[in-house]
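Undergrad: Let me give you the structure first, and then I'll get to my questions.
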Amino acid sequence: MDKRRVDEGGWSRASGRRRAGAFGRLAGLGAGAVALVTLLGGCSLSDFGDAFGNFGWPKGGVTPQASRMYDLWIGSVIAALVVGFFVWGLIFWCIIRYRKRGEALPEQTRYNIPLEFLYTVVPFLIIAVLFYYTAIVQTDVDKTSKNPDVTVEVVAFKWEWQFNYRDAPGADAHTVASTTGNANYIPVLVLPTHRTIRIEEHSNDVIHSFWVPDLLFKRDVFPGSVRNAFQVTLEKEGAYVGRCAELCGTYHSQMNFELRAVTPEKYDQFLAAKRAGQSTPDALSSIGEEPYAVTTHPFNTDRTEREAS
Ligand SMILES: [Cu+2]
């Protein structure tokens with residue numbers, strides 16, 4: 001009886017050493033995964049994203065904020081895949097290594113403190129890294145400055161947009177020029193590249209949402225005292241379609257607009273022309289731009305006449 005007890009003790013110690021080695025390898029793998037996630041999270045990930053269809057995230061954002069959100073997405077997907085491959089690997093390894101080989105009852109184990117510690121700490125570290133990068137990017141995207149170069153007030157109403165060019169940020173500032181859409185005119189929001197632009201949103205009736213897909217960003221437009229604001233810098237000239245992204249009623253799908261990014265010089269000329277009383281299409285023509293929206297296809301509003309203010 002005593003002899004048997006001694007034998008069991010010896011077997012148990014050997015098994016313990018084997019387990020300790022396995023924990024070491026697991027810990028190494030976990031630490032490696034965390035290091036990889038940390039490393040990848042900090043890189044520019046555009047090339048990697050390109051190779052895998054951007055993992056479903058739209059590409060081609062025209063603001064620095066869009067690029068950072070893109071990088072966060074690609075980094076997060078890579079982190080998820082690293083964890084995924086690690087877990088799938090463990091699952092398949094267990095299926096093969098511990099498959100049924102006979103009728104004998106397999107070794108029964110419980111209370112594996114090192115392993116339990118590992119699978120509590122490693123996920124926490126992964127979440128902490130993801131949270132860190134998410135918080136950094138979110139804070140950056142939401143950042144507004146007190147003195148933007150350009151302030152434009154976006155007023156949404158059923159079912160159109162009005163763009164008010166303002167002389168300063170805030171509800172008390174003055175509108176110096178304005179463009180309003182109507183049933184016959186798709187409004188064009190003209191903004192300069194390479195200047196900080198503050199967009200302040202206000203709704204006259206229900207909740208709408210200001211969405212330019214090429215900004216890779218949208219923000220709801222609220223009625224009442226809420227005045228949502230965000231800031232962007234446009235890096236590329238061009239015409240970008242804008243939509244309402246909040247179901248706001250019968251003609252929601254027709255709440256199209258266009259963001260026209262032009263050079264700062266052209267923008268100054270456009271604003272001067274507007275302040276001199278020209279309509280938006282005339283002011284656009286005067287700076288050599290297409291006078292009307294060119295991007296609202298395929299949800300065009302079938303407007304046959306064009307009356308612009
Ligand atoms: Cu709407």
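For the structure tokens, the naming scheme is as follows: chains receive sequential letters (A, B, ...) according to their order of presentation, residues are indexed from 1 within each chain, and ligands are indexed from 1 in presentation order.
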Show me, as a tab-separated table, the residues of chain A having an atom within 7 Å of ligand 1, each with the closest atom pair and its distance in Å, using only C-alpha atoms and all ligand atoms.

TA:
```
residue	atom	partner	partner_atom_place_in_ligand_line	distance
A:Ala156	CA	ligand 1	1 (Cu)	6.9
A:Phe157	CA	ligand 1	1 (Cu)	6.9
A:Lys158	CA	ligand 1	1 (Cu)	6.3
A:Trp159	CA	ligand 1	1 (Cu)	6.0
A:Ile207	CA	ligand 1	1 (Cu)	6.8
A:His208	CA	ligand 1	1 (Cu)	4.0
A:Ser209	CA	ligand 1	1 (Cu)	6.2
A:Cys244	CA	ligand 1	1 (Cu)	4.7
A:Ala245	CA	ligand 1	1 (Cu)	6.7
A:Glu246	CA	ligand 1	1 (Cu)	5.6
A:Leu247	CA	ligand 1	1 (Cu)	6.1
A:Cys248	CA	ligand 1	1 (Cu)	4.5
A:His252	CA	ligand 1	1 (Cu)	5.0
A:Met255	CA	ligand 1	1 (Cu)	6.0
```

Undergrad: For the interface of stretch 38-123 of chain A with stretch 215-229 of chain A (cut-off 6 Å, counting only C-alpha atoms), please tabulate each contacting residue of stretch 38-123 of chain A alongside its nearest pair of atoms and their separation in Å to one decimal, rows sorted by chain and increasing number, as a tab-separated table.

TA:
```
residue	atom	partner	partner_atom	distance
A:Gly61	CA	A:Leu215	CA	5.2
A:Val62	CA	A:Leu215	CA	5.8
A:Ala66	CA	A:Leu216	CA	5.5
```

Undergrad: DSSP on the backbone, then: every residue of stretch 243-292 of chain A marked strand (DSSP E), written as a ChimeraX atom specification.

TA: /A:243-244,257-262

Undergrad: Measuring atom to atom with only C-alpha atoms, identify which of A:Gln108, A:Ser286, A:Thr179, A:Thr151 is nearest to A:Ala272.

TA: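 Among A:Gln108, A:Ser286, A:Thr179, A:Thr151, it is A:Ser286 that comes nearest to A:Ala272.
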
Undergrad: Determine, counting only C-alpha atoms, which protein, DNA and RNA residues have an atom within 8 Å of an atom of stretch 140-144 of chain A; residues of the same chain fewer than 5 positions away are not included. Present the result as a ChimeraX atom specification.

TA: /A:65,198,229-231

Undergrad: Neighbours of A:Lys236 within 10 Å (only C-alpha atoms; same-chain residues fewer than 5 positions away dropped), as a PyMOL selection string?

TA: chain A and resi 61-63+192-194+261-263

Undergrad: Please produce a file of those selected residues containing C-alpha atoms, as a JSON list (two decimals), in the first residue's frame.

TA:
```json
[["chain", "number", "residue", "atom", "x", "y", "z"],
["A", 61, "GLY", "CA", -10.95, 58.12, -47.44],
["A", 62, "VAL", "CA", -10.00, 61.71, -48.24],
["A", 63, "THR", "CA", -9.16, 62.89, -44.72],
["A", 192, "PRO", "CA", -11.27, 73.89, -49.48],
["A", 193, "THR", "CA", -8.53, 71.27, -49.29],
["A", 194, "HIS", "CA", -5.70, 71.48, -46.72],
["A", 261, "ALA", "CA", -13.39, 69.84, -52.49],
["A", 262, "VAL", "CA", -11.51, 72.59, -54.34],
["A", 263, "THR", "CA", -8.17, 74.33, -53.86]]
```

Undergrad: Within stretch 49-296 of chain A, find each residue whose DSSP state, derived from the backbone, is helix (DSSP H, G or I), and express the selection as a count of residues only.

TA: 96

Undergrad: When distances are computed from only C-alpha atoms, which of A:Thr233, A:Ser46, A:Ser178, A:Thr196 shows the smallest separation from A:Ser279?

TA: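 Distance minimum relative to A:Ser279 lands on A:Ser178.
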
Undergrad: Contacts of A:Phe52 at 12 Å or less, counting only C-alpha atoms, minus same-chain residues fewer than 6 places along, as a JSON list (two decimals) with C-alpha atoms, in the first residue's frame?

TA:
```json
[["chain", "number", "residue", "atom", "x", "y", "z"],
["A", 45, "LEU", "CA", -1.34, 48.89, -42.52],
["A", 46, "SER", "CA", -2.48, 50.04, -45.92],
["A", 59, "LYS", "CA", -10.85, 52.41, -48.71],
["A", 74, "ILE", "CA", -6.98, 46.59, -40.28],
["A", 77, "VAL", "CA", -8.77, 42.44, -37.73],
["A", 78, "ILE", "CA", -5.16, 41.24, -37.70]]
```

Undergrad: Which of these, A:Asn182, A:Thr175, A:Ser203, A:Thr295, has the shortest distance to A:Leu271 once you count only C-alpha atoms?

TA: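 Using only C-alpha atoms, A:Leu271 sits closest to A:Thr175.
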
Undergrad: I want to know what sits within 8 Å of A:Leu259, based on only C-alpha atoms, with residues of the same chain fewer than 6 positions away left out; could you give that as a PDB file with C-alpha atoms, in the first residue's frame?

TA:
```pdb
ATOM      1  CA  VAL A 188     -23.377  71.370 -53.461  1.00  0.00           C
ATOM      2  CA  LEU A 189     -21.211  71.996 -50.399  1.00  0.00           C
ATOM      3  CA  VAL A 190     -17.992  73.648 -51.556  1.00  0.00           C
ATOM      4  CA  LEU A 191     -15.012  73.305 -49.198  1.00  0.00           C
ATOM      5  CA  VAL A 212     -20.144  61.588 -47.035  1.00  0.00           C
ATOM      6  CA  ALA A 239     -16.599  65.650 -56.015  1.00  0.00           C
ATOM      7  CA  TYR A 240     -17.903  63.330 -53.300  1.00  0.00           C
ATOM      8  CA  VAL A 241     -21.476  62.189 -52.920  1.00  0.00           C
ATOM      9  CA  GLY A 242     -23.307  62.928 -49.671  1.00  0.00           C
TER      10      GLY A 242
END
```
